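Below is entry.pdb, which holds PDB, C-alpha atoms and all ligand atoms.
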ATOM      1  CA  MET T   1       0.000   0.000   0.000  1.00  0.00           C
ATOM      2  CA  SER T   2       1.566   3.322  -1.020  1.00  0.00           C
ATOM      3  CA  LYS T   3       1.545   6.412   1.154  1.00  0.00           C
ATOM      4  CA  VAL T   4       0.184   9.868   0.429  1.00  0.00           C
ATOM      5  CA  LEU T   5       0.578  13.146   2.252  1.00  0.00           C
ATOM      6  CA  ILE T   6      -2.646  14.925   3.148  1.00  0.00           C
ATOM      7  CA  THR T   7      -3.515  17.960   5.239  1.00  0.00           C
ATOM      8  CA  ILE T   8      -6.407  17.816   7.673  1.00  0.00           C
ATOM      9  CA  ASP T   9      -7.327  20.984   9.527  1.00  0.00           C
ATOM     10  CA  GLY T  10      -3.916  22.463   8.813  1.00  0.00           C
ATOM     11  CA  LYS T  11      -1.859  19.460   9.953  1.00  0.00           C
ATOM     12  CA  GLY T  12       0.021  17.113   7.625  1.00  0.00           C
ATOM     13  CA  PHE T  13      -0.526  13.343   7.820  1.00  0.00           C
ATOM     14  CA  LEU T  14       1.029  10.408   6.018  1.00  0.00           C
ATOM     15  CA  ALA T  15      -1.806   8.093   5.016  1.00  0.00           C
ATOM     16  CA  ASP T  16      -2.365   4.801   3.227  1.00  0.00           C
ATOM     17  CA  SER T  17      -3.526   5.581  -0.298  1.00  0.00           C
ATOM     18  CA  GLU T  18      -6.393   3.073  -0.075  1.00  0.00           C
ATOM     19  CA  LYS T  19      -8.054   4.754   2.878  1.00  0.00           C
ATOM     20  CA  THR T  20     -10.866   7.264   2.907  1.00  0.00           C
ATOM     21  CA  VAL T  21     -10.686  10.751   4.387  1.00  0.00           C
ATOM     22  CA  LEU T  22     -12.880   9.570   7.272  1.00  0.00           C
ATOM     23  CA  GLU T  23     -10.605   6.613   8.060  1.00  0.00           C
ATOM     24  CA  VAL T  24      -7.484   8.777   8.062  1.00  0.00           C
ATOM     25  CA  ALA T  25      -9.166  11.432  10.215  1.00  0.00           C
ATOM     26  CA  ARG T  26     -10.261   8.801  12.758  1.00  0.00           C
ATOM     27  CA  GLU T  27      -6.816   7.207  12.859  1.00  0.00           C
ATOM     28  CA  ASN T  28      -5.503  10.610  13.790  1.00  0.00           C
ATOM     29  CA  HIS T  29      -8.205  11.294  16.386  1.00  0.00           C
ATOM     30  CA  ILE T  30     -10.037  13.916  14.391  1.00  0.00           C
ATOM     31  CA  TYR T  31     -13.805  13.583  14.743  1.00  0.00           C
ATOM     32  CA  ILE T  32     -16.044  13.838  11.706  1.00  0.00           C
ATOM     33  CA  PRO T  33     -19.721  13.072  12.454  1.00  0.00           C
ATOM     34  CA  THR T  34     -21.289  10.056  10.729  1.00  0.00           C
ATOM     35  CA  LEU T  35     -24.654   8.296  10.654  1.00  0.00           C
ATOM     36  CA  CYS T  36     -24.928   5.937   7.692  1.00  0.00           C
ATOM     37  CA  ASN T  37     -21.305   4.874   8.029  1.00  0.00           C
ATOM     38  CA  LEU T  38     -20.342   1.864  10.127  1.00  0.00           C
ATOM     39  CA  GLU T  39     -16.784   0.658  10.544  1.00  0.00           C
ATOM     40  CA  GLY T  40     -16.178  -2.573   8.648  1.00  0.00           C
ATOM     41  CA  ILE T  41     -18.822  -2.140   5.964  1.00  0.00           C
ATOM     42  CA  LYS T  42     -18.563  -0.406   2.616  1.00  0.00           C
ATOM     43  CA  PRO T  43     -19.577   3.272   2.912  1.00  0.00           C
ATOM     44  CA  GLN T  44     -22.596   4.360   0.903  1.00  0.00           C
ATOM     45  CA  GLY T  45     -22.499   8.136   1.438  1.00  0.00           C
ATOM     46  CA  SER T  46     -26.238   8.631   1.835  1.00  0.00           C
ATOM     47  CA  CYS T  47     -26.746  10.716   4.993  1.00  0.00           C
ATOM     48  CA  ARG T  48     -24.184  13.423   3.993  1.00  0.00           C
ATOM     49  CA  ILE T  49     -23.465  14.372   7.603  1.00  0.00           C
ATOM     50  CA  CYS T  50     -19.743  13.633   7.175  1.00  0.00           C
ATOM     51  CA  THR T  51     -19.480  16.347   4.508  1.00  0.00           C
ATOM     52  CA  CYS T  52     -16.157  18.204   4.708  1.00  0.00           C
ATOM     53  CA  MET T  53     -14.381  20.749   2.543  1.00  0.00           C
ATOM     54  CA  ILE T  54     -12.074  18.594   0.459  1.00  0.00           C
ATOM     55  CA  ASP T  55      -9.814  20.502  -1.927  1.00  0.00           C
ATOM     56  CA  GLY T  56     -12.251  23.406  -1.706  1.00  0.00           C
ATOM     57  CA  ARG T  57     -15.407  21.398  -2.439  1.00  0.00           C
ATOM     58  CA  MET T  58     -18.035  19.914  -0.154  1.00  0.00           C
ATOM     59  CA  MET T  59     -17.615  16.152  -0.294  1.00  0.00           C
ATOM     60  CA  THR T  60     -18.446  13.207   1.939  1.00  0.00           C
ATOM     61  CA  ALA T  61     -15.467  12.065   3.990  1.00  0.00           C
ATOM     62  CA  CYS T  62     -16.706   8.473   4.267  1.00  0.00           C
ATOM     63  CA  THR T  63     -16.656   7.828   0.504  1.00  0.00           C
ATOM     64  CA  THR T  64     -13.742  10.004  -0.647  1.00  0.00           C
ATOM     65  CA  PRO T  65     -10.395   8.231  -0.956  1.00  0.00           C
ATOM     66  CA  VAL T  66      -7.323  10.197   0.038  1.00  0.00           C
ATOM     67  CA  ASN T  67      -5.033  11.644  -2.601  1.00  0.00           C
ATOM     68  CA  ASN T  68      -1.534  13.032  -2.429  1.00  0.00           C
ATOM     69  CA  GLY T  69      -1.619  16.747  -1.584  1.00  0.00           C
ATOM     70  CA  MET T  70      -5.304  16.677  -0.593  1.00  0.00           C
ATOM     71  CA  VAL T  71      -6.421  19.466   1.736  1.00  0.00           C
ATOM     72  CA  VAL T  72      -9.303  18.663   4.088  1.00  0.00           C
ATOM     73  CA  VAL T  73     -11.155  20.993   6.437  1.00  0.00           C
ATOM     74  CA  THR T  74     -13.439  19.090   8.809  1.00  0.00           C
ATOM     75  CA  LYS T  75     -15.058  21.920  10.719  1.00  0.00           C
ATOM     76  CA  THR T  76     -16.314  25.352   9.732  1.00  0.00           C
ATOM     77  CA  ASP T  77     -19.451  27.295  10.668  1.00  0.00           C
ATOM     78  CA  GLU T  78     -20.887  26.445   7.252  1.00  0.00           C
ATOM     79  CA  LEU T  79     -20.256  22.714   7.711  1.00  0.00           C
ATOM     80  CA  ASP T  80     -21.705  22.754  11.217  1.00  0.00           C
ATOM     81  CA  LYS T  81     -24.813  24.493   9.893  1.00  0.00           C
ATOM     82  CA  LEU T  82     -25.204  21.949   7.104  1.00  0.00           C
ATOM     83  CA  ARG T  83     -24.796  19.056   9.533  1.00  0.00           C
ATOM     84  CA  SER T  84     -27.205  20.490  12.030  1.00  0.00           C
ATOM     85  CA  LYS T  85     -29.832  20.996   9.269  1.00  0.00           C
ATOM     86  CA  ILE T  86     -29.449  17.322   8.277  1.00  0.00           C
ATOM     87  CA  VAL T  87     -30.130  16.311  11.881  1.00  0.00           C
ATOM     88  CA  GLU T  88     -33.116  18.677  12.046  1.00  0.00           C
ATOM     89  CA  LEU T  89     -34.544  17.222   8.836  1.00  0.00           C
ATOM     90  CA  LEU T  90     -34.264  13.694  10.220  1.00  0.00           C
ATOM     91  CA  PHE T  91     -36.086  14.719  13.389  1.00  0.00           C
ATOM     92  CA  ALA T  92     -38.819  16.436  11.366  1.00  0.00           C
ATOM     93  CA  GLU T  93     -39.190  13.483   8.988  1.00  0.00           C
ATOM     94  CA  GLY T  94     -39.668  10.704  11.554  1.00  0.00           C
ATOM     95  CA  ASN T  95     -41.314  10.334  14.935  1.00  0.00           C
ATOM     96  CA  HIS T  96     -38.443  10.531  17.404  1.00  0.00           C
ATOM     97  CA  PHE T  97     -39.720  10.667  20.954  1.00  0.00           C
ATOM     98  CA  CYS T  98     -36.398  10.361  22.767  1.00  0.00           C
ATOM     99  CA  PRO T  99     -37.667  10.187  26.374  1.00  0.00           C
ATOM    100  CA  ALA T 100     -39.671   7.061  25.508  1.00  0.00           C
ATOM    101  CA  CYS T 101     -36.938   5.309  23.533  1.00  0.00           C
ATOM    102  CA  GLU T 102     -34.765   2.491  24.837  1.00  0.00           C
ATOM    103  CA  ARG T 103     -31.844   3.890  22.813  1.00  0.00           C
ATOM    104  CA  SER T 104     -31.963   7.291  24.514  1.00  0.00           C
ATOM    105  CA  GLY T 105     -28.418   8.083  25.600  1.00  0.00           C
ATOM    106  CA  ASN T 106     -27.029   5.479  23.195  1.00  0.00           C
ATOM    107  CA  CYS T 107     -28.580   6.976  20.055  1.00  0.00           C
ATOM    108  CA  GLU T 108     -26.264   8.569  17.493  1.00  0.00           C
ATOM    109  CA  LEU T 109     -28.971  10.855  16.103  1.00  0.00           C
ATOM    110  CA  GLN T 110     -29.921  12.150  19.552  1.00  0.00           C
ATOM    111  CA  ALA T 111     -26.242  12.620  20.424  1.00  0.00           C
ATOM    112  CA  LEU T 112     -25.713  14.660  17.255  1.00  0.00           C
ATOM    113  CA  ALA T 113     -28.733  16.794  18.117  1.00  0.00           C
ATOM    114  CA  TYR T 114     -27.099  17.550  21.462  1.00  0.00           C
ATOM    115  CA  LEU T 115     -23.759  18.209  19.767  1.00  0.00           C
ATOM    116  CA  TYR T 116     -25.366  20.784  17.449  1.00  0.00           C
ATOM    117  CA  LYS T 117     -27.524  22.164  20.270  1.00  0.00           C
ATOM    118  CA  ILE T 118     -30.771  21.551  18.411  1.00  0.00           C
ATOM    119  CA  MET T 119     -33.841  22.426  20.429  1.00  0.00           C
ATOM    120  CA  VAL T 120     -36.636  22.469  17.848  1.00  0.00           C
ATOM    121  CA  PRO T 121     -36.187  21.774  14.120  1.00  0.00           C
ATOM    122  CA  GLU T 122     -36.642  24.732  11.801  1.00  0.00           C
ATOM    123  CA  PHE T 123     -38.749  22.448   9.566  1.00  0.00           C
ATOM    124  CA  ASP T 124     -42.368  21.431  10.118  1.00  0.00           C
ATOM    125  CA  TYR T 125     -42.802  17.994  11.666  1.00  0.00           C
ATOM    126  CA  ILE T 126     -44.336  15.553   9.227  1.00  0.00           C
ATOM    127  CA  PHE T 127     -45.616  13.153  11.922  1.00  0.00           C
ATOM    128  CA  PRO T 128     -45.822  10.214   9.501  1.00  0.00           C
ATOM    129  CA  ASN T 129     -48.175   7.380  10.285  1.00  0.00           C
ATOM    130  CA  ARG T 130     -45.780   4.456  10.732  1.00  0.00           C
ATOM    131  CA  ASP T 131     -46.213   1.148  12.454  1.00  0.00           C
ATOM    132  CA  VAL T 132     -44.267  -0.809  15.031  1.00  0.00           C
ATOM    133  CA  ASP T 133     -43.638  -4.428  14.093  1.00  0.00           C
ATOM    134  CA  ALA T 134     -43.432  -6.676  17.166  1.00  0.00           C
ATOM    135  CA  THR T 135     -44.125  -9.946  15.368  1.00  0.00           C
ATOM    136  CA  HIS T 136     -40.560 -11.240  15.630  1.00  0.00           C
ATOM    137  CA  PRO T 137     -39.677 -13.356  18.695  1.00  0.00           C
ATOM    138  CA  LYS T 138     -36.440 -11.434  19.440  1.00  0.00           C
ATOM    139  CA  LEU T 139     -36.702  -7.977  17.921  1.00  0.00           C
ATOM    140  CA  ILE T 140     -39.050  -5.033  17.571  1.00  0.00           C
ATOM    141  CA  LEU T 141     -38.883  -2.866  14.466  1.00  0.00           C
ATOM    142  CA  ASP T 142     -40.020   0.677  15.134  1.00  0.00           C
ATOM    143  CA  HIS T 143     -40.392   2.308  11.741  1.00  0.00           C
ATOM    144  CA  ASN T 144     -41.066   5.668  13.378  1.00  0.00           C
ATOM    145  CA  ARG T 145     -37.399   5.971  14.286  1.00  0.00           C
ATOM    146  CA  CYS T 146     -35.757   4.454  11.218  1.00  0.00           C
ATOM    147  CA  ILE T 147     -33.555   6.902   9.291  1.00  0.00           C
ATOM    148  CA  LEU T 148     -33.107   4.464   6.364  1.00  0.00           C
ATOM    149  CA  CYS T 149     -29.325   4.422   6.674  1.00  0.00           C
ATOM    150  CA  LYS T 150     -29.371   0.754   5.597  1.00  0.00           C
ATOM    151  CA  ARG T 151     -26.646  -0.170   8.101  1.00  0.00           C
ATOM    152  CA  CYS T 152     -28.607  -3.264   9.170  1.00  0.00           C
ATOM    153  CA  ILE T 153     -29.021  -4.435   5.580  1.00  0.00           C
ATOM    154  CA  ARG T 154     -25.475  -3.639   4.503  1.00  0.00           C
ATOM    155  CA  ARG T 155     -23.782  -5.138   7.549  1.00  0.00           C
ATOM    156  CA  LYS T 156     -25.388  -8.544   7.256  1.00  0.00           C
ATOM    157  CA  LYS T 157     -25.002  -8.597   3.502  1.00  0.00           C
ATOM    158  CA  GLU T 158     -21.296  -7.816   3.529  1.00  0.00           C
ATOM    159  CA  ALA T 159     -20.072  -9.327   6.761  1.00  0.00           C
ATOM    160  CA  GLU T 160     -22.319 -12.291   7.327  1.00  0.00           C
ATOM    161  CA  ASN T 161     -24.230 -13.212   4.234  1.00  0.00           C
ATOM    162  CA  PRO T 162     -27.138 -13.933   3.911  1.00  0.00           C
ATOM    163  CA  THR T 163     -28.835 -10.727   4.954  1.00  0.00           C
ATOM    164  CA  TRP T 164     -31.582 -10.686   7.585  1.00  0.00           C
ATOM    165  CA  PHE T 165     -32.961  -7.270   6.757  1.00  0.00           C
ATOM    166  CA  VAL T 166     -34.401  -6.006   3.510  1.00  0.00           C
ATOM    167  CA  PHE T 167     -35.860  -2.792   2.125  1.00  0.00           C
ATOM    168  CA  GLU T 168     -39.443  -3.029   0.942  1.00  0.00           C
ATOM    169  CA  ASN T 169     -41.693  -0.606  -0.946  1.00  0.00           C
ATOM    170  CA  ARG T 170     -40.512   2.503  -2.773  1.00  0.00           C
ATOM    171  CA  GLY T 171     -40.201   6.277  -2.421  1.00  0.00           C
ATOM    172  CA  ASN T 172     -41.785   7.663   0.747  1.00  0.00           C
ATOM    173  CA  HIS T 173     -43.032   4.217   1.657  1.00  0.00           C
ATOM    174  CA  VAL T 174     -39.632   2.516   1.846  1.00  0.00           C
ATOM    175  CA  LYS T 175     -39.056   0.658   5.089  1.00  0.00           C
ATOM    176  CA  ILE T 176     -36.827  -2.059   6.476  1.00  0.00           C
ATOM    177  CA  ASN T 177     -38.220  -5.477   7.181  1.00  0.00           C
ATOM    178  CA  PHE T 178     -37.001  -8.849   8.401  1.00  0.00           C
ATOM    179  CA  ASP T 179     -36.475 -11.938   6.427  1.00  0.00           C
ATOM    180  CA  HIS T 180     -38.673 -13.938   8.798  1.00  0.00           C
ATOM    181  CA  GLU T 181     -37.417 -17.306   7.593  1.00  0.00           C
ATOM    182  CA  LEU T 182     -33.725 -16.489   7.975  1.00  0.00           C
ATOM    183  CA  THR T 183     -34.176 -14.823  11.360  1.00  0.00           C
ATOM    184  CA  ALA T 184     -36.358 -17.574  12.816  1.00  0.00           C
ATOM    185  CA  ASP T 185     -33.472 -19.081  14.808  1.00  0.00           C
ATOM    186  CA  MET T 186     -31.838 -15.790  15.844  1.00  0.00           C
ATOM    187  CA  ASP T 187     -30.309 -16.063  19.316  1.00  0.00           C
ATOM    188  CA  ASP T 188     -29.904 -13.318  21.938  1.00  0.00           C
ATOM    189  CA  GLU T 189     -26.371 -12.456  20.870  1.00  0.00           C
ATOM    190  CA  MET T 190     -27.437 -12.034  17.244  1.00  0.00           C
ATOM    191  CA  ALA T 191     -30.415  -9.923  18.320  1.00  0.00           C
ATOM    192  CA  GLN T 192     -28.108  -7.657  20.329  1.00  0.00           C
ATOM    193  CA  LYS T 193     -25.770  -7.343  17.345  1.00  0.00           C
ATOM    194  CA  ALA T 194     -28.682  -6.343  15.119  1.00  0.00           C
ATOM    195  CA  MET T 195     -29.739  -3.711  17.660  1.00  0.00           C
ATOM    196  CA  ASP T 196     -26.194  -2.370  17.977  1.00  0.00           C
ATOM    197  CA  THR T 197     -25.922  -1.977  14.203  1.00  0.00           C
ATOM    198  CA  CYS T 198     -28.776   0.538  14.207  1.00  0.00           C
ATOM    199  CA  PRO T 199     -27.663   4.129  14.954  1.00  0.00           C
ATOM    200  CA  VAL T 200     -31.097   5.000  16.384  1.00  0.00           C
ATOM    201  CA  GLY T 201     -33.854   3.067  18.141  1.00  0.00           C
ATOM    202  CA  ALA T 202     -35.451   1.420  15.109  1.00  0.00           C
ATOM    203  CA  ILE T 203     -34.227  -2.102  15.976  1.00  0.00           C
ATOM    204  CA  ILE T 204     -34.823  -2.976  19.603  1.00  0.00           C
ATOM    205  CA  ARG T 205     -34.267  -6.261  21.422  1.00  0.00           C
ATOM    206  CA  LYS T 206     -37.312  -7.786  23.039  1.00  0.00           C
ATOM    207  CA  GLU T 207     -37.470  -8.681  26.738  1.00  0.00           C
ATOM    208  CA  LYS T 208     -34.352  -6.679  27.517  1.00  0.00           C
ATOM    209  CA  GLY T 209     -34.043  -3.021  28.257  1.00  0.00           C
ATOM    210  CA  TYR T 210     -33.114  -0.207  30.589  1.00  0.00           C
ATOM    211  CA  ASP T 211     -30.236  -2.247  32.099  1.00  0.00           C
ATOM    212  CA  VAL T 212     -28.355   1.039  32.252  1.00  0.00           C
ATOM    213  CA  PRO T 213     -30.616   3.877  33.412  1.00  0.00           C
ATOM    214  CA  ILE T 214     -31.135   6.842  31.096  1.00  0.00           C
ATOM    215  CA  GLY T 215     -28.709   9.524  32.205  1.00  0.00           C
ATOM    216  CA  ARG T 216     -25.830   7.063  32.633  1.00  0.00           C
ATOM    217  CA  ARG T 217     -25.523   5.840  29.081  1.00  0.00           C
ATOM    218  CA  LYS T 218     -22.735   6.301  26.526  1.00  0.00           C
ATOM    219  CA  TYR T 219     -23.634   9.740  25.168  1.00  0.00           C
ATOM    220  CA  ASP T 220     -25.174  10.906  28.446  1.00  0.00           C
ATOM    221  CA  LEU T 221     -21.694  10.704  29.925  1.00  0.00           C
ATOM    222  CA  HIS T 222     -19.533  11.775  26.981  1.00  0.00           C
ATOM    223  CA  PRO T 223     -20.554  13.834  23.928  1.00  0.00           C
ATOM    224  CA  ILE T 224     -20.438  11.949  20.641  1.00  0.00           C
ATOM    225  CA  GLY T 225     -16.954  12.049  19.100  1.00  0.00           C
ATOM    226  CA  SER T 226     -15.143  12.664  22.371  1.00  0.00           C
ATOM    227  CA  ASP T 227     -13.844   9.064  22.329  1.00  0.00           C
ATOM    228  CA  ILE T 228     -12.180   9.791  18.966  1.00  0.00           C
ATOM    229  CA  GLU T 229     -10.839  13.260  19.664  1.00  0.00           C
ATOM    230  CA  GLY T 230      -8.056  13.988  22.068  1.00  0.00           C
ATOM    231  CA  LYS T 231      -6.254  10.611  22.037  1.00  0.00           C
ATOM    232  CA  GLU T 232      -2.548  10.457  21.342  1.00  0.00           C
TER     233      GLU T 232
HETATM  234 FE1  LIG Q   1     -20.746   9.756   5.235  1.00  0.00          FE
HETATM  235 FE2  LIG Q   1     -23.309   9.197   5.909  1.00  0.00          FE
HETATM  236  S1  LIG Q   1     -21.513   9.042   7.107  1.00  0.00           S
HETATM  237  S2  LIG Q   1     -22.545  10.096   4.088  1.00  0.00           S
END

Output the file's structure as structure tokens, nothing else.
Amino acid sequence: MSKVLITIDGKGFLADSEKTVLEVARENHIYIPTLCNLEGIKPQGSCRICTCMIDGRMMTACTTPVNNGMVVVTKTDELDKLRSKIVELLFAEGNHFCPACERSGNCELQALAYLYKIMVPEFDYIFPNRDVDATHPKLILDHNRCILCKRCIRRKKEAENPTWFVFENRGNHVKINFDHELTADMDDEMAQKAMDTCPVGAIIRKEKGYDVPIGRRKYDLHPIGSDIEGKE
């Protein structure tokens, strides 16, 4: 693997040429927010929250490979505004009632809303009429909270074929669903893994919850990104 020299936020870094901007930033403890990206699976660049200024243009850090001489800026007022509007749109588009969600405090979307100090979205709430599917023996699918990042579908497909989750319908009606046959013998560990793949509270394990009280969970204690930033 050859090396390239890139600049991130004014500092020079030697990076593997096959890595993305996001990977190199993380290796060097520079936080770039993400939602649809999950370490270990191919990035799809759909949520756009990782957008950075790359060689003077707005581009997604998770899908852009590094190049020799590349100049990356990860944080400006304009980028923060763009990211916070993406979070606001997601809150307006779904039904996210954080105080009643088992993922509260462990939810990436909620943590980003805190990071960008979002109180009320600038956009009108849509309040879509979506269902909660509790027909599976191990998992609950709450379509109200799904942000359609496809992490659940992509993870199983790439890492552990065959996939358990699928997209069904089209346009505004797209939603994730189980493959009921393949998931029939899902054990507790697999159910937990499926829940952990989701960045929000759309996939929830049945018969297990609130082990850690709200207020003492991951992002309750440390703002999102603080585990990446500041390490040597
Ligand atoms: Fe890069 Fe979603 S994390 S586009």

Please return the centre and edge lengths, in Å to one decimal, of a box with edges along x, y and z that contains all listed atoms of region 130-133 of chain T, widened by 8 Å on every side, as AutoDock Vina command-line options.
--center_x -44.9 --center_y 0.0 --center_z 12.9 --size_x 18.6 --size_y 24.9 --size_z 20.3

Nearest-residue call for Asp80 (chain T), choices T:Val166, T:Cys152, T:Cys52, T:Val132, using all atoms listed in the file: T:Cys52

Set out as CSV a contact list for chain T and ligand LIG 1 (chain Q) with a cut-off of 9 Å, giving each residue of chain T that qualifies its closest atom pair and distance in Å to one decimal, counting all atoms listed in the file, ordered by chain and rising residue number.
residue,atom,partner,partner_atom,distance
T:Leu22,CA,Q:LIG1,FE1,8.1
T:Ile32,CA,Q:LIG1,S1,8.6
T:Pro33,CA,Q:LIG1,S1,6.9
T:Thr34,CA,Q:LIG1,S1,3.8
T:Leu35,CA,Q:LIG1,S1,4.8
T:Cys36,CA,Q:LIG1,FE2,4.1
T:Asn37,CA,Q:LIG1,S1,4.3
T:Leu38,CA,Q:LIG1,S1,7.9
T:Pro43,CA,Q:LIG1,FE1,7.0
T:Gln44,CA,Q:LIG1,S2,6.6
T:Gly45,CA,Q:LIG1,S2,3.3
T:Ser46,CA,Q:LIG1,S2,4.6
T:Cys47,CA,Q:LIG1,FE2,3.9
T:Arg48,CA,Q:LIG1,S2,3.7
T:Ile49,CA,Q:LIG1,FE2,5.4
T:Cys50,CA,Q:LIG1,FE1,4.4
T:Thr51,CA,Q:LIG1,FE1,6.8
T:Met59,CA,Q:LIG1,S2,9.0
T:Thr60,CA,Q:LIG1,FE1,5.3
T:Ala61,CA,Q:LIG1,FE1,5.9
T:Cys62,CA,Q:LIG1,FE1,4.3
T:Thr63,CA,Q:LIG1,FE1,6.5
T:Cys149,CA,Q:LIG1,FE2,7.7

Proximity to Ala184 (chain T) - best of T:Phe13, T:Trp164, T:Tyr219, T:Phe127, all atoms listed in the file: T:Trp164

Excluding Gly225 (chain T) and any residue of its chain fewer than 2 positions from it, enumerate the residues within 9 Å of it, using all atoms listed in the file, and give them as a PDB file with C-alpha atoms, keeping the file's coordinate frame.
ATOM      1  CA  ILE T  30     -10.037  13.916  14.391  1.00  0.00           C
ATOM      2  CA  TYR T  31     -13.805  13.583  14.743  1.00  0.00           C
ATOM      3  CA  ILE T  32     -16.044  13.838  11.706  1.00  0.00           C
ATOM      4  CA  PRO T  33     -19.721  13.072  12.454  1.00  0.00           C
ATOM      5  CA  HIS T 222     -19.533  11.775  26.981  1.00  0.00           C
ATOM      6  CA  PRO T 223     -20.554  13.834  23.928  1.00  0.00           C
ATOM      7  CA  ASP T 227     -13.844   9.064  22.329  1.00  0.00           C
ATOM      8  CA  ILE T 228     -12.180   9.791  18.966  1.00  0.00           C
ATOM      9  CA  GLU T 229     -10.839  13.260  19.664  1.00  0.00           C
TER      10      GLU T 229
END

The PyMOL selection byres (((chain T and resi 87-98) around 10) and not hetatm) applied to the shown file, residues as a count of residues only: 44

All residues 10 Å or closer to Ile54 (chain T), only C-alpha atoms, same chain fewer than 4 positions away omitted, as an MDAnalysis selection string: chainID T and resid 7:8 21 58:61 64 66 70:74

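You can rank T:Ala15, T:Ile224, T:Met186, T:Leu148 by their closest distance to Gly171 (chain T) using only C-alpha atoms, and at the top of that list sits T:Leu148.
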
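Distance annotation: of T:Ile6, T:Leu79, T:Leu139, T:Ile214, the residue with the minimal separation from Gln192 (chain T) is T:Leu139; atom set is only C-alpha atoms.
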
Distance query Met1 (chain T) at most 9 Å, all atoms listed in the file, self and fewer than 4 positions along chain excluded, as an MDAnalysis selection string: chainID T and resid 16:18

Output the residue selection produced by the PyMOL selection byres (((chain T and resi 182) around 12) and not hetatm) on the file above, formatted as an mmCIF file with C-alpha atoms, keeping the file's coordinate frame.
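Result file part_16.cif:
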data_model
loop_
_atom_site.group_PDB
_atom_site.id
_atom_site.type_symbol
_atom_site.label_atom_id
_atom_site.label_comp_id
_atom_site.auth_asym_id
_atom_site.auth_seq_id
_atom_site.Cartn_x
_atom_site.Cartn_y
_atom_site.Cartn_z
ATOM 1 C CA HIS T 136 -40.560 -11.240 15.630
ATOM 2 C CA LYS T 156 -25.388 -8.544 7.256
ATOM 3 C CA ASN T 161 -24.230 -13.212 4.234
ATOM 4 C CA PRO T 162 -27.138 -13.933 3.911
ATOM 5 C CA THR T 163 -28.835 -10.727 4.954
ATOM 6 C CA TRP T 164 -31.582 -10.686 7.585
ATOM 7 C CA PHE T 165 -32.961 -7.270 6.757
ATOM 8 C CA VAL T 166 -34.401 -6.006 3.510
ATOM 9 C CA ASN T 177 -38.220 -5.477 7.181
ATOM 10 C CA PHE T 178 -37.001 -8.849 8.401
ATOM 11 C CA ASP T 179 -36.475 -11.938 6.427
ATOM 12 C CA HIS T 180 -38.673 -13.938 8.798
ATOM 13 C CA GLU T 181 -37.417 -17.306 7.593
ATOM 14 C CA THR T 183 -34.176 -14.823 11.360
ATOM 15 C CA ALA T 184 -36.358 -17.574 12.816
ATOM 16 C CA ASP T 185 -33.472 -19.081 14.808
ATOM 17 C CA MET T 186 -31.838 -15.790 15.844
ATOM 18 C CA ASP T 187 -30.309 -16.063 19.316
#

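Of the residues listed (T:Ala111, T:Ile140, T:Ile41, T:Ala194), T:Ile41 shows the shortest atom-to-atom separation from Arg155 (chain T); distances use only C-alpha atoms.
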
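Picture a line from CA of Thr20 (chain T) to CA of Gly56 (chain T); it runs 16.8 Å.
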
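From CA of Lys19 (chain T) back to CA of Asn67 (chain T), the distance works out to 9.3 Å.
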
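One finds CA of Arg216 (chain T) at 15.2 Å from CA of Glu108 (chain T).
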
Please return, as an mmCIF file with C-alpha atoms, in the frame of the given file, all polymer residues that have at least one atom within 12 Å of the point (-28.2, -10.9, 22.6); use all atoms listed in the file and the file's own coordinate frame.
data_model
loop_
_atom_site.group_PDB
_atom_site.id
_atom_site.type_symbol
_atom_site.label_atom_id
_atom_site.label_comp_id
_atom_site.auth_asym_id
_atom_site.auth_seq_id
_atom_site.Cartn_x
_atom_site.Cartn_y
_atom_site.Cartn_z
ATOM 1 C CA LYS T 138 -36.440 -11.434 19.440
ATOM 2 C CA LEU T 139 -36.702 -7.977 17.921
ATOM 3 C CA MET T 186 -31.838 -15.790 15.844
ATOM 4 C CA ASP T 187 -30.309 -16.063 19.316
ATOM 5 C CA ASP T 188 -29.904 -13.318 21.938
ATOM 6 C CA GLU T 189 -26.371 -12.456 20.870
ATOM 7 C CA MET T 190 -27.437 -12.034 17.244
ATOM 8 C CA ALA T 191 -30.415 -9.923 18.320
ATOM 9 C CA GLN T 192 -28.108 -7.657 20.329
ATOM 10 C CA LYS T 193 -25.770 -7.343 17.345
ATOM 11 C CA ALA T 194 -28.682 -6.343 15.119
ATOM 12 C CA MET T 195 -29.739 -3.711 17.660
ATOM 13 C CA ASP T 196 -26.194 -2.370 17.977
ATOM 14 C CA ILE T 204 -34.823 -2.976 19.603
ATOM 15 C CA ARG T 205 -34.267 -6.261 21.422
ATOM 16 C CA LYS T 206 -37.312 -7.786 23.039
ATOM 17 C CA GLU T 207 -37.470 -8.681 26.738
ATOM 18 C CA LYS T 208 -34.352 -6.679 27.517
ATOM 19 C CA GLY T 209 -34.043 -3.021 28.257
#

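Using all atoms listed in the file for every distance, the candidate list T:Met53, T:Asn172, T:Lys150, T:Lys11 yields T:Met53 as the residue closest to Lys75 (chain T).
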